[in-house]
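query.pdb, holding PDB, N, CA, C and O atoms:
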```
MODEL        1
ATOM      1  N   MET A 166     -30.729 -19.647 -24.038
ATOM      2  CA  MET A 166     -30.237 -18.550 -23.230
ATOM      3  C   MET A 166     -28.714 -18.523 -23.297
ATOM      4  O   MET A 166     -28.054 -19.518 -23.033
ATOM      5  N   ALA A 167     -28.160 -17.390 -23.653
ATOM      6  CA  ALA A 167     -26.712 -17.243 -23.762
ATOM      7  C   ALA A 167     -26.118 -16.937 -22.390
ATOM      8  O   ALA A 167     -26.669 -16.160 -21.607
ATOM      9  N   ILE A 168     -25.009 -17.572 -22.107
ATOM     10  CA  ILE A 168     -24.283 -17.323 -20.859
ATOM     11  C   ILE A 168     -23.018 -16.570 -21.211
ATOM     12  O   ILE A 168     -22.277 -16.970 -22.107
ATOM     13  N   ASN A 169     -22.762 -15.503 -20.509
ATOM     14  CA  ASN A 169     -21.584 -14.684 -20.766
ATOM     15  C   ASN A 169     -20.466 -15.116 -19.813
ATOM     16  O   ASN A 169     -20.549 -14.868 -18.616
ATOM     17  N   TYR A 170     -19.478 -15.769 -20.349
ATOM     18  CA  TYR A 170     -18.313 -16.155 -19.564
ATOM     19  C   TYR A 170     -17.202 -15.151 -19.812
ATOM     20  O   TYR A 170     -16.901 -14.827 -20.957
ATOM     21  N   GLU A 171     -16.595 -14.666 -18.760
ATOM     22  CA  GLU A 171     -15.462 -13.762 -18.900
ATOM     23  C   GLU A 171     -14.310 -14.318 -18.087
ATOM     24  O   GLU A 171     -14.375 -14.365 -16.869
ATOM     25  N   PHE A 172     -13.273 -14.754 -18.785
ATOM     26  CA  PHE A 172     -12.121 -15.349 -18.127
ATOM     27  C   PHE A 172     -10.904 -14.430 -18.219
ATOM     28  O   PHE A 172      -9.790 -14.883 -18.313
ATOM     29  N   GLY A 173     -11.140 -13.155 -18.192
ATOM     30  CA  GLY A 173     -10.060 -12.187 -18.285
ATOM     31  C   GLY A 173      -9.303 -12.077 -16.974
ATOM     32  O   GLY A 173      -9.702 -12.588 -15.924
ATOM     33  N   SER A 174      -8.229 -11.383 -17.033
ATOM     34  CA  SER A 174      -7.376 -11.160 -15.875
ATOM     35  C   SER A 174      -8.062 -10.252 -14.864
ATOM     36  O   SER A 174      -8.835  -9.360 -15.224
ATOM     37  N   ASP A 175      -7.748 -10.457 -13.591
ATOM     38  CA  ASP A 175      -8.269  -9.566 -12.553
ATOM     39  C   ASP A 175      -7.631  -8.188 -12.646
ATOM     40  O   ASP A 175      -8.069  -7.254 -11.991
ATOM     41  N   ASN A 176      -6.611  -8.039 -13.468
ATOM     42  CA  ASN A 176      -5.929  -6.753 -13.608
ATOM     43  C   ASN A 176      -6.683  -5.762 -14.484
ATOM     44  O   ASN A 176      -6.332  -4.592 -14.520
ATOM     45  N   HIS A 177      -7.687  -6.208 -15.204
ATOM     46  CA  HIS A 177      -8.375  -5.266 -16.104
ATOM     47  C   HIS A 177      -9.826  -4.998 -15.699
ATOM     48  O   HIS A 177     -10.583  -4.451 -16.479
ATOM     49  N   SER A 178     -10.191  -5.354 -14.509
ATOM     50  CA  SER A 178     -11.543  -5.045 -14.044
ATOM     51  C   SER A 178     -11.482  -3.990 -12.942
ATOM     52  O   SER A 178     -10.455  -3.801 -12.297
ATOM     53  N   GLY A 179     -12.589  -3.333 -12.746
ATOM     54  CA  GLY A 179     -12.645  -2.300 -11.716
ATOM     55  C   GLY A 179     -12.748  -2.901 -10.320
ATOM     56  O   GLY A 179     -13.092  -4.061 -10.142
ATOM     57  N   VAL A 180     -12.459  -2.086  -9.343
ATOM     58  CA  VAL A 180     -12.547  -2.519  -7.955
ATOM     59  C   VAL A 180     -13.976  -2.262  -7.459
ATOM     60  O   VAL A 180     -14.663  -1.357  -7.940
ATOM     61  N   HIS A 181     -14.433  -3.065  -6.513
ATOM     62  CA  HIS A 181     -15.765  -2.889  -5.936
ATOM     63  C   HIS A 181     -15.848  -1.502  -5.294
ATOM     64  O   HIS A 181     -14.896  -1.041  -4.663
ATOM     65  N   PRO A 182     -16.982  -0.823  -5.423
ATOM     66  CA  PRO A 182     -17.107   0.533  -4.867
ATOM     67  C   PRO A 182     -16.794   0.619  -3.369
ATOM     68  O   PRO A 182     -16.211   1.621  -2.916
ATOM     69  N   ASP A 183     -17.136  -0.389  -2.589
ATOM     70  CA  ASP A 183     -16.828  -0.362  -1.151
ATOM     71  C   ASP A 183     -15.323  -0.399  -0.898
ATOM     72  O   ASP A 183     -14.813   0.236   0.026
ATOM     73  N   ILE A 184     -14.610  -1.149  -1.738
ATOM     74  CA  ILE A 184     -13.152  -1.207  -1.602
ATOM     75  C   ILE A 184     -12.553   0.145  -1.968
ATOM     76  O   ILE A 184     -11.662   0.651  -1.284
ATOM     77  N   MET A 185     -13.061   0.759  -3.036
ATOM     78  CA  MET A 185     -12.556   2.071  -3.432
ATOM     79  C   MET A 185     -12.798   3.107  -2.341
ATOM     80  O   MET A 185     -11.926   3.923  -2.043
ATOM     81  N   LYS A 186     -13.969   3.062  -1.706
ATOM     82  CA  LYS A 186     -14.256   3.994  -0.609
ATOM     83  C   LYS A 186     -13.272   3.799   0.541
ATOM     84  O   LYS A 186     -12.806   4.769   1.142
ATOM     85  N   ALA A 187     -12.965   2.537   0.859
ATOM     86  CA  ALA A 187     -12.021   2.263   1.941
ATOM     87  C   ALA A 187     -10.632   2.785   1.595
ATOM     88  O   ALA A 187      -9.946   3.371   2.440
ATOM     89  N   ILE A 188     -10.209   2.604   0.353
ATOM     90  CA  ILE A 188      -8.901   3.116  -0.074
ATOM     91  C   ILE A 188      -8.889   4.637  -0.008
ATOM     92  O   ILE A 188      -7.935   5.232   0.505
ATOM     93  N   GLU A 189      -9.953   5.256  -0.504
ATOM     94  CA  GLU A 189     -10.020   6.719  -0.482
ATOM     95  C   GLU A 189     -10.008   7.266   0.947
ATOM     96  O   GLU A 189      -9.459   8.339   1.204
ATOM     97  N   SER A 190     -10.584   6.526   1.887
ATOM     98  CA  SER A 190     -10.661   7.029   3.254
ATOM     99  C   SER A 190      -9.305   7.095   3.946
ATOM    100  O   SER A 190      -9.150   7.810   4.931
ATOM    101  N   VAL A 191      -8.323   6.369   3.440
ATOM    102  CA  VAL A 191      -6.989   6.385   4.058
ATOM    103  C   VAL A 191      -5.932   7.009   3.154
ATOM    104  O   VAL A 191      -4.762   7.049   3.505
ATOM    105  N   ASN A 192      -6.352   7.521   2.008
ATOM    106  CA  ASN A 192      -5.418   8.053   1.019
ATOM    107  C   ASN A 192      -5.195   9.549   1.222
ATOM    108  O   ASN A 192      -5.624  10.372   0.428
ATOM    109  N   PHE A 193      -4.517   9.902   2.315
ATOM    110  CA  PHE A 193      -4.232  11.302   2.573
ATOM    111  C   PHE A 193      -3.016  11.407   3.483
ATOM    112  O   PHE A 193      -2.696  10.498   4.229
ATOM    113  N   GLY A 194      -2.331  12.516   3.386
ATOM    114  CA  GLY A 194      -1.211  12.794   4.284
ATOM    115  C   GLY A 194      -0.008  11.896   4.064
ATOM    116  O   GLY A 194       0.043  11.106   3.127
ATOM    117  N   TYR A 195       0.943  12.061   4.964
ATOM    118  CA  TYR A 195       2.192  11.305   4.894
ATOM    119  C   TYR A 195       2.475  10.589   6.202
ATOM    120  O   TYR A 195       3.615  10.321   6.537
ATOM    121  N   SER A 196       1.446  10.294   6.970
ATOM    122  CA  SER A 196       1.659   9.741   8.303
ATOM    123  C   SER A 196       1.693   8.216   8.345
ATOM    124  O   SER A 196       1.983   7.646   9.387
ATOM    125  N   VAL A 197       1.401   7.545   7.236
ATOM    126  CA  VAL A 197       1.377   6.085   7.239
ATOM    127  C   VAL A 197       2.663   5.556   6.612
ATOM    128  O   VAL A 197       2.997   5.884   5.477
ATOM    129  N   ILE A 198       3.364   4.743   7.357
ATOM    130  CA  ILE A 198       4.616   4.149   6.884
ATOM    131  C   ILE A 198       4.292   3.057   5.868
ATOM    132  O   ILE A 198       3.379   2.258   6.063
ATOM    133  N   SER A 199       5.043   3.003   4.806
ATOM    134  CA  SER A 199       4.809   2.024   3.743
ATOM    135  C   SER A 199       5.344   0.645   4.067
ATOM    136  O   SER A 199       6.114   0.470   5.008
ATOM    137  N   TYR A 200       4.954  -0.299   3.252
ATOM    138  CA  TYR A 200       5.517  -1.641   3.226
ATOM    139  C   TYR A 200       5.290  -2.445   4.499
ATOM    140  O   TYR A 200       6.185  -3.110   4.998
ATOM    141  N   GLY A 201       4.084  -2.355   5.048
ATOM    142  CA  GLY A 201       3.698  -3.283   6.092
ATOM    143  C   GLY A 201       3.935  -2.877   7.515
ATOM    144  O   GLY A 201       3.618  -3.639   8.423
ATOM    145  N   ASP A 202       4.463  -1.720   7.762
ATOM    146  CA  ASP A 202       4.716  -1.296   9.138
ATOM    147  C   ASP A 202       3.737  -0.184   9.516
ATOM    148  O   ASP A 202       4.125   0.889   9.966
ATOM    149  N   ASP A 203       2.438  -0.478   9.329
ATOM    150  CA  ASP A 203       1.409   0.537   9.563
ATOM    151  C   ASP A 203       0.193  -0.103  10.225
ATOM    152  O   ASP A 203       0.027  -1.309  10.237
ATOM    153  N   GLU A 204      -0.668   0.733  10.769
ATOM    154  CA  GLU A 204      -1.827   0.259  11.522
ATOM    155  C   GLU A 204      -2.788  -0.543  10.656
ATOM    156  O   GLU A 204      -3.414  -1.495  11.136
ATOM    157  N   TYR A 205      -2.922  -0.208   9.366
ATOM    158  CA  TYR A 205      -3.852  -0.917   8.491
ATOM    159  C   TYR A 205      -3.379  -2.344   8.220
ATOM    160  O   TYR A 205      -4.174  -3.285   8.213
ATOM    161  N   THR A 206      -2.090  -2.501   8.015
ATOM    162  CA  THR A 206      -1.537  -3.842   7.820
ATOM    163  C   THR A 206      -1.703  -4.666   9.087
ATOM    164  O   THR A 206      -2.122  -5.828   9.041
ATOM    165  N   PHE A 207      -1.388  -4.081  10.253
ATOM    166  CA  PHE A 207      -1.525  -4.797  11.520
ATOM    167  C   PHE A 207      -2.974  -5.217  11.764
ATOM    168  O   PHE A 207      -3.236  -6.345  12.203
ATOM    169  N   GLN A 208      -3.930  -4.330  11.480
ATOM    170  CA  GLN A 208      -5.348  -4.662  11.655
ATOM    171  C   GLN A 208      -5.773  -5.790  10.725
ATOM    172  O   GLN A 208      -6.530  -6.686  11.115
ATOM    173  N   THR A 209      -5.286  -5.744   9.492
ATOM    174  CA  THR A 209      -5.641  -6.769   8.516
ATOM    175  C   THR A 209      -5.080  -8.121   8.918
ATOM    176  O   THR A 209      -5.781  -9.148   8.862
ATOM    177  N   ILE A 210      -3.825  -8.152   9.325
ATOM    178  CA  ILE A 210      -3.214  -9.413   9.766
ATOM    179  C   ILE A 210      -3.965  -9.965  10.968
ATOM    180  O   ILE A 210      -4.208 -11.177  11.057
ATOM    181  N   LYS A 211      -4.376  -9.102  11.886
ATOM    182  CA  LYS A 211      -5.142  -9.557  13.050
ATOM    183  C   LYS A 211      -6.447 -10.214  12.612
ATOM    184  O   LYS A 211      -6.830 -11.266  13.142
ATOM    185  N   LYS A 212      -7.124  -9.635  11.632
ATOM    186  CA  LYS A 212      -8.381 -10.227  11.152
ATOM    187  C   LYS A 212      -8.136 -11.606  10.539
ATOM    188  O   LYS A 212      -8.922 -12.532  10.759
ATOM    189  N   PHE A 213      -7.064 -11.742   9.770
ATOM    190  CA  PHE A 213      -6.734 -13.058   9.213
ATOM    191  C   PHE A 213      -6.479 -14.060  10.331
ATOM    192  O   PHE A 213      -6.985 -15.181  10.301
ATOM    193  N   LYS A 214      -5.701 -13.678  11.322
ATOM    194  CA  LYS A 214      -5.370 -14.582  12.426
ATOM    195  C   LYS A 214      -6.600 -14.912  13.263
ATOM    196  O   LYS A 214      -6.732 -16.040  13.741
ATOM    197  N   ASP A 215      -7.504 -13.956  13.440
ATOM    198  CA  ASP A 215      -8.753 -14.215  14.157
ATOM    199  C   ASP A 215      -9.586 -15.273  13.441
ATOM    200  O   ASP A 215     -10.265 -16.078  14.069
ATOM    201  N   ASN A 216      -9.519 -15.269  12.108
ATOM    202  CA  ASN A 216     -10.332 -16.197  11.317
ATOM    203  C   ASN A 216      -9.644 -17.526  11.023
ATOM    204  O   ASN A 216     -10.316 -18.551  10.916
ATOM    205  N   PHE A 217      -8.313 -17.514  10.874
ATOM    206  CA  PHE A 217      -7.620 -18.718  10.431
ATOM    207  C   PHE A 217      -6.649 -19.291  11.453
ATOM    208  O   PHE A 217      -6.032 -20.321  11.204
ATOM    209  N   GLY A 218      -6.471 -18.632  12.573
ATOM    210  CA  GLY A 218      -5.581 -19.122  13.616
ATOM    211  C   GLY A 218      -4.347 -18.260  13.770
ATOM    212  O   GLY A 218      -3.867 -17.658  12.815
ATOM    213  N   LYS A 219      -3.838 -18.217  14.979
ATOM    214  CA  LYS A 219      -2.730 -17.301  15.287
ATOM    215  C   LYS A 219      -1.399 -17.732  14.682
ATOM    216  O   LYS A 219      -0.479 -16.931  14.586
ATOM    217  N   ASP A 220      -1.279 -18.980  14.266
ATOM    218  CA  ASP A 220      -0.003 -19.490  13.771
ATOM    219  C   ASP A 220       0.136 -19.407  12.253
ATOM    220  O   ASP A 220       0.928 -20.136  11.660
ATOM    221  N   ILE A 221      -0.615 -18.524  11.620
ATOM    222  CA  ILE A 221      -0.508 -18.386  10.163
ATOM    223  C   ILE A 221       0.421 -17.232   9.805
ATOM    224  O   ILE A 221       0.695 -16.369  10.630
ATOM    225  N   ASP A 222       0.891 -17.248   8.581
ATOM    226  CA  ASP A 222       1.629 -16.117   8.019
ATOM    227  C   ASP A 222       0.752 -15.485   6.944
ATOM    228  O   ASP A 222       0.033 -16.176   6.229
ATOM    229  N   VAL A 223       0.812 -14.178   6.821
ATOM    230  CA  VAL A 223       0.021 -13.450   5.834
ATOM    231  C   VAL A 223       0.981 -12.818   4.837
ATOM    232  O   VAL A 223       1.946 -12.164   5.226
ATOM    233  N   PHE A 224       0.707 -13.032   3.549
ATOM    234  CA  PHE A 224       1.517 -12.472   2.481
ATOM    235  C   PHE A 224       0.603 -11.656   1.570
ATOM    236  O   PHE A 224      -0.324 -12.191   0.980
ATOM    237  N   PHE A 225       0.859 -10.376   1.448
ATOM    238  CA  PHE A 225       0.071  -9.512   0.576
ATOM    239  C   PHE A 225       0.693  -9.519  -0.809
ATOM    240  O   PHE A 225       1.907  -9.393  -0.952
ATOM    241  N   VAL A 226      -0.147  -9.687  -1.823
ATOM    242  CA  VAL A 226       0.322  -9.720  -3.208
ATOM    243  C   VAL A 226      -0.501  -8.749  -4.040
ATOM    244  O   VAL A 226      -1.580  -8.316  -3.628
ATOM    245  N   GLY A 227      -0.003  -8.420  -5.214
ATOM    246  CA  GLY A 227      -0.618  -7.397  -6.046
ATOM    247  C   GLY A 227      -1.756  -7.845  -6.925
ATOM    248  O   GLY A 227      -2.517  -7.028  -7.424
ATOM    249  N   ASN A 228      -1.895  -9.148  -7.159
ATOM    250  CA  ASN A 228      -2.976  -9.605  -8.039
ATOM    251  C   ASN A 228      -3.241 -11.093  -7.834
ATOM    252  O   ASN A 228      -2.548 -11.770  -7.069
ATOM    253  N   GLY A 229      -4.240 -11.580  -8.527
ATOM    254  CA  GLY A 229      -4.636 -12.977  -8.400
ATOM    255  C   GLY A 229      -3.574 -13.953  -8.877
ATOM    256  O   GLY A 229      -3.422 -15.035  -8.309
ATOM    257  N   THR A 230      -2.848 -13.591  -9.911
ATOM    258  CA  THR A 230      -1.793 -14.476 -10.410
ATOM    259  C   THR A 230      -0.719 -14.686  -9.348
ATOM    260  O   THR A 230      -0.281 -15.821  -9.099
ATOM    261  N   ALA A 231      -0.309 -13.614  -8.710
ATOM    262  CA  ALA A 231       0.688 -13.740  -7.638
ATOM    263  C   ALA A 231       0.147 -14.589  -6.487
ATOM    264  O   ALA A 231       0.871 -15.406  -5.916
ATOM    265  N   ALA A 232      -1.118 -14.411  -6.148
ATOM    266  CA  ALA A 232      -1.727 -15.215  -5.083
ATOM    267  C   ALA A 232      -1.761 -16.688  -5.476
ATOM    268  O   ALA A 232      -1.476 -17.568  -4.648
ATOM    269  N   ASN A 233      -2.100 -16.969  -6.734
ATOM    270  CA  ASN A 233      -2.134 -18.356  -7.202
ATOM    271  C   ASN A 233      -0.753 -18.993  -7.134
ATOM    272  O   ASN A 233      -0.597 -20.136  -6.697
ATOM    273  N   ILE A 234       0.261 -18.278  -7.581
ATOM    274  CA  ILE A 234       1.625 -18.812  -7.554
ATOM    275  C   ILE A 234       2.066 -19.074  -6.120
ATOM    276  O   ILE A 234       2.641 -20.131  -5.811
ATOM    277  N   LEU A 235       1.803 -18.145  -5.231
ATOM    278  CA  LEU A 235       2.159 -18.318  -3.822
ATOM    279  C   LEU A 235       1.452 -19.537  -3.238
ATOM    280  O   LEU A 235       2.065 -20.349  -2.543
ATOM    281  N   GLY A 236       0.164 -19.686  -3.535
ATOM    282  CA  GLY A 236      -0.587 -20.841  -3.038
ATOM    283  C   GLY A 236      -0.071 -22.155  -3.589
ATOM    284  O   GLY A 236       0.084 -23.138  -2.852
ATOM    285  N   ILE A 237       0.228 -22.188  -4.881
ATOM    286  CA  ILE A 237       0.741 -23.418  -5.500
ATOM    287  C   ILE A 237       2.108 -23.768  -4.926
ATOM    288  O   ILE A 237       2.383 -24.941  -4.627
ATOM    289  N   LYS A 238       2.969 -22.784  -4.749
ATOM    290  CA  LYS A 238       4.292 -23.050  -4.171
ATOM    291  C   LYS A 238       4.171 -23.564  -2.728
ATOM    292  O   LYS A 238       4.945 -24.418  -2.305
ATOM    293  N   ALA A 239       3.208 -23.039  -1.979
ATOM    294  CA  ALA A 239       3.018 -23.503  -0.600
ATOM    295  C   ALA A 239       2.586 -24.965  -0.584
ATOM    296  O   ALA A 239       3.088 -25.758   0.215
ATOM    297  N   VAL A 240       1.679 -25.332  -1.491
ATOM    298  CA  VAL A 240       1.244 -26.735  -1.572
ATOM    299  C   VAL A 240       2.372 -27.604  -2.070
ATOM    300  O   VAL A 240       2.617 -28.698  -1.562
ATOM    301  N   ASP A 241       3.120 -27.134  -3.064
ATOM    302  CA  ASP A 241       4.257 -27.862  -3.609
ATOM    303  C   ASP A 241       5.282 -28.121  -2.520
ATOM    304  O   ASP A 241       5.841 -29.217  -2.403
ATOM    305  N   TRP A 242       5.543 -27.114  -1.686
ATOM    306  CA  TRP A 242       6.508 -27.263  -0.591
ATOM    307  C   TRP A 242       6.020 -28.276   0.425
ATOM    308  O   TRP A 242       6.781 -29.066   0.955
ATOM    309  N   PHE A 243       4.705 -28.252   0.695
ATOM    310  CA  PHE A 243       4.124 -29.127   1.722
ATOM    311  C   PHE A 243       4.237 -30.588   1.321
ATOM    312  O   PHE A 243       4.514 -31.439   2.160
ATOM    313  N   PHE A 244       4.031 -30.893   0.041
ATOM    314  CA  PHE A 244       4.083 -32.284  -0.404
ATOM    315  C   PHE A 244       5.453 -32.566  -0.916
ATOM    316  O   PHE A 244       5.985 -33.436  -1.228
TER     317      PHE A 244
ENDMDL
END
```
Can you give me the file's structure in the form of structure tokens?
Amino acid sequence: MAINYEFGSDNHSGVHPDIMKAIESVNFGYSVISYGDDEYTFQTIKKFKDNFGKDIDVFFVGNGTAANILGIKAVDWFF
């Protein structure tokens, strides 16, 4: 039995349909302030804090590579 391994970048795959629906549901008008000063960012940060504790910081990044680098630097700083 052949196993299909795909180790490509997360930048070349499609987004899950539920995520696309969520993006489409807020993609209208000019009423949302960019760069983290909006209700969606505040709601998301609250969910992270509800799950991981109130004393965490949340950093939004554009892809998996950026998330990996941020995580490695955080561990590097800690040790």
Mind checking DSSP for range 179-240 of chain A and telling me the alpha helix (DSSP H) residues as a VMD selection string?
-> chain A and resid 182 to 191 204 to 217 229 to 240
For the selection you just gave me, I'd like the residues written to a file as a CSV table (one decimal), keeping the file's coordinate frame, keeping N, CA, C and O atoms.
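Saved as result_2.csv:
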```csv
chain,number,residue,atom,x,y,z
A,182,PRO,N,-17.0,-0.8,-5.4
A,182,PRO,CA,-17.1,0.5,-4.9
A,182,PRO,C,-16.8,0.6,-3.4
A,182,PRO,O,-16.2,1.6,-2.9
A,183,ASP,N,-17.1,-0.4,-2.6
A,183,ASP,CA,-16.8,-0.4,-1.2
A,183,ASP,C,-15.3,-0.4,-0.9
A,183,ASP,O,-14.8,0.2,0.0
A,184,ILE,N,-14.6,-1.1,-1.7
A,184,ILE,CA,-13.2,-1.2,-1.6
A,184,ILE,C,-12.6,0.1,-2.0
A,184,ILE,O,-11.7,0.7,-1.3
A,185,MET,N,-13.1,0.8,-3.0
A,185,MET,CA,-12.6,2.1,-3.4
A,185,MET,C,-12.8,3.1,-2.3
A,185,MET,O,-11.9,3.9,-2.0
A,186,LYS,N,-14.0,3.1,-1.7
A,186,LYS,CA,-14.3,4.0,-0.6
A,186,LYS,C,-13.3,3.8,0.5
A,186,LYS,O,-12.8,4.8,1.1
A,187,ALA,N,-13.0,2.5,0.9
A,187,ALA,CA,-12.0,2.3,1.9
A,187,ALA,C,-10.6,2.8,1.6
A,187,ALA,O,-9.9,3.4,2.4
A,188,ILE,N,-10.2,2.6,0.4
A,188,ILE,CA,-8.9,3.1,-0.1
A,188,ILE,C,-8.9,4.6,0.0
A,188,ILE,O,-7.9,5.2,0.5
A,189,GLU,N,-10.0,5.3,-0.5
A,189,GLU,CA,-10.0,6.7,-0.5
A,189,GLU,C,-10.0,7.3,0.9
A,189,GLU,O,-9.5,8.3,1.2
A,190,SER,N,-10.6,6.5,1.9
A,190,SER,CA,-10.7,7.0,3.3
A,190,SER,C,-9.3,7.1,3.9
A,190,SER,O,-9.2,7.8,4.9
A,191,VAL,N,-8.3,6.4,3.4
A,191,VAL,CA,-7.0,6.4,4.1
A,191,VAL,C,-5.9,7.0,3.2
A,191,VAL,O,-4.8,7.0,3.5
A,204,GLU,N,-0.7,0.7,10.8
A,204,GLU,CA,-1.8,0.3,11.5
A,204,GLU,C,-2.8,-0.5,10.7
A,204,GLU,O,-3.4,-1.5,11.1
A,205,TYR,N,-2.9,-0.2,9.4
A,205,TYR,CA,-3.9,-0.9,8.5
A,205,TYR,C,-3.4,-2.3,8.2
A,205,TYR,O,-4.2,-3.3,8.2
A,206,THR,N,-2.1,-2.5,8.0
A,206,THR,CA,-1.5,-3.8,7.8
A,206,THR,C,-1.7,-4.7,9.1
A,206,THR,O,-2.1,-5.8,9.0
A,207,PHE,N,-1.4,-4.1,10.3
A,207,PHE,CA,-1.5,-4.8,11.5
A,207,PHE,C,-3.0,-5.2,11.8
A,207,PHE,O,-3.2,-6.3,12.2
A,208,GLN,N,-3.9,-4.3,11.5
A,208,GLN,CA,-5.3,-4.7,11.7
A,208,GLN,C,-5.8,-5.8,10.7
A,208,GLN,O,-6.5,-6.7,11.1
A,209,THR,N,-5.3,-5.7,9.5
A,209,THR,CA,-5.6,-6.8,8.5
A,209,THR,C,-5.1,-8.1,8.9
A,209,THR,O,-5.8,-9.1,8.9
A,210,ILE,N,-3.8,-8.2,9.3
A,210,ILE,CA,-3.2,-9.4,9.8
A,210,ILE,C,-4.0,-10.0,11.0
A,210,ILE,O,-4.2,-11.2,11.1
A,211,LYS,N,-4.4,-9.1,11.9
A,211,LYS,CA,-5.1,-9.6,13.0
A,211,LYS,C,-6.4,-10.2,12.6
A,211,LYS,O,-6.8,-11.3,13.1
A,212,LYS,N,-7.1,-9.6,11.6
A,212,LYS,CA,-8.4,-10.2,11.2
A,212,LYS,C,-8.1,-11.6,10.5
A,212,LYS,O,-8.9,-12.5,10.8
A,213,PHE,N,-7.1,-11.7,9.8
A,213,PHE,CA,-6.7,-13.1,9.2
A,213,PHE,C,-6.5,-14.1,10.3
A,213,PHE,O,-7.0,-15.2,10.3
A,214,LYS,N,-5.7,-13.7,11.3
A,214,LYS,CA,-5.4,-14.6,12.4
A,214,LYS,C,-6.6,-14.9,13.3
A,214,LYS,O,-6.7,-16.0,13.7
A,215,ASP,N,-7.5,-14.0,13.4
A,215,ASP,CA,-8.8,-14.2,14.2
A,215,ASP,C,-9.6,-15.3,13.4
A,215,ASP,O,-10.3,-16.1,14.1
A,216,ASN,N,-9.5,-15.3,12.1
A,216,ASN,CA,-10.3,-16.2,11.3
A,216,ASN,C,-9.6,-17.5,11.0
A,216,ASN,O,-10.3,-18.6,10.9
A,217,PHE,N,-8.3,-17.5,10.9
A,217,PHE,CA,-7.6,-18.7,10.4
A,217,PHE,C,-6.6,-19.3,11.5
A,217,PHE,O,-6.0,-20.3,11.2
A,229,GLY,N,-4.2,-11.6,-8.5
A,229,GLY,CA,-4.6,-13.0,-8.4
A,229,GLY,C,-3.6,-14.0,-8.9
A,229,GLY,O,-3.4,-15.0,-8.3
A,230,THR,N,-2.8,-13.6,-9.9
A,230,THR,CA,-1.8,-14.5,-10.4
A,230,THR,C,-0.7,-14.7,-9.3
A,230,THR,O,-0.3,-15.8,-9.1
A,231,ALA,N,-0.3,-13.6,-8.7
A,231,ALA,CA,0.7,-13.7,-7.6
A,231,ALA,C,0.1,-14.6,-6.5
A,231,ALA,O,0.9,-15.4,-5.9
A,232,ALA,N,-1.1,-14.4,-6.1
A,232,ALA,CA,-1.7,-15.2,-5.1
A,232,ALA,C,-1.8,-16.7,-5.5
A,232,ALA,O,-1.5,-17.6,-4.6
A,233,ASN,N,-2.1,-17.0,-6.7
A,233,ASN,CA,-2.1,-18.4,-7.2
A,233,ASN,C,-0.8,-19.0,-7.1
A,233,ASN,O,-0.6,-20.1,-6.7
A,234,ILE,N,0.3,-18.3,-7.6
A,234,ILE,CA,1.6,-18.8,-7.6
A,234,ILE,C,2.1,-19.1,-6.1
A,234,ILE,O,2.6,-20.1,-5.8
A,235,LEU,N,1.8,-18.1,-5.2
A,235,LEU,CA,2.2,-18.3,-3.8
A,235,LEU,C,1.5,-19.5,-3.2
A,235,LEU,O,2.1,-20.3,-2.5
A,236,GLY,N,0.2,-19.7,-3.5
A,236,GLY,CA,-0.6,-20.8,-3.0
A,236,GLY,C,-0.1,-22.2,-3.6
A,236,GLY,O,0.1,-23.1,-2.9
A,237,ILE,N,0.2,-22.2,-4.9
A,237,ILE,CA,0.7,-23.4,-5.5
A,237,ILE,C,2.1,-23.8,-4.9
A,237,ILE,O,2.4,-24.9,-4.6
A,238,LYS,N,3.0,-22.8,-4.7
A,238,LYS,CA,4.3,-23.0,-4.2
A,238,LYS,C,4.2,-23.6,-2.7
A,238,LYS,O,4.9,-24.4,-2.3
A,239,ALA,N,3.2,-23.0,-2.0
A,239,ALA,CA,3.0,-23.5,-0.6
A,239,ALA,C,2.6,-25.0,-0.6
A,239,ALA,O,3.1,-25.8,0.2
A,240,VAL,N,1.7,-25.3,-1.5
A,240,VAL,CA,1.2,-26.7,-1.6
A,240,VAL,C,2.4,-27.6,-2.1
A,240,VAL,O,2.6,-28.7,-1.6
```
Do you know which residues are at most 8 Å from range 208-210 of chain A counting all atoms listed in the file, after dropping those on the same chain fewer than 6 positions away, and could you put them as number ranges by chain?
-> A: 216-219, 221-223
Range 195-199 of chain A, all listed atoms, 8 Å padding on each side: what axis-aligned box centre and edge lengths in Å to one decimal come out, as JSON?
```
{"center_x": 3.5, "center_y": 6.3, "center_z": 6.6, "size_x": 21.2, "size_y": 27.6, "size_z": 21.6}
```
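Among the candidate residues A:Val197, A:Ala167, A:Ala239, A:Ile188, the one lying nearest to Phe224 in chain A is A:Ala239, with distances computed using only C-alpha atoms.
The space separating atom N of Asn233 in chain A from atom N of His177 in chain A comes to 14.8 Å.
Counting from atom N of Phe213 in chain A, the distance to atom O of Trp242 in chain A is 23.9 Å.
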Which is closer to Tyr200 in chain A than all the others in A:Val226, A:Ala187, A:Ala231, A:Val180, using only C-alpha atoms?
-> A:Val226
Mind giving me the straight-line distance from atom N of Val191 in chain A to CA of Tyr205 in chain A in Å, one decimal?
-> 9.9 Å
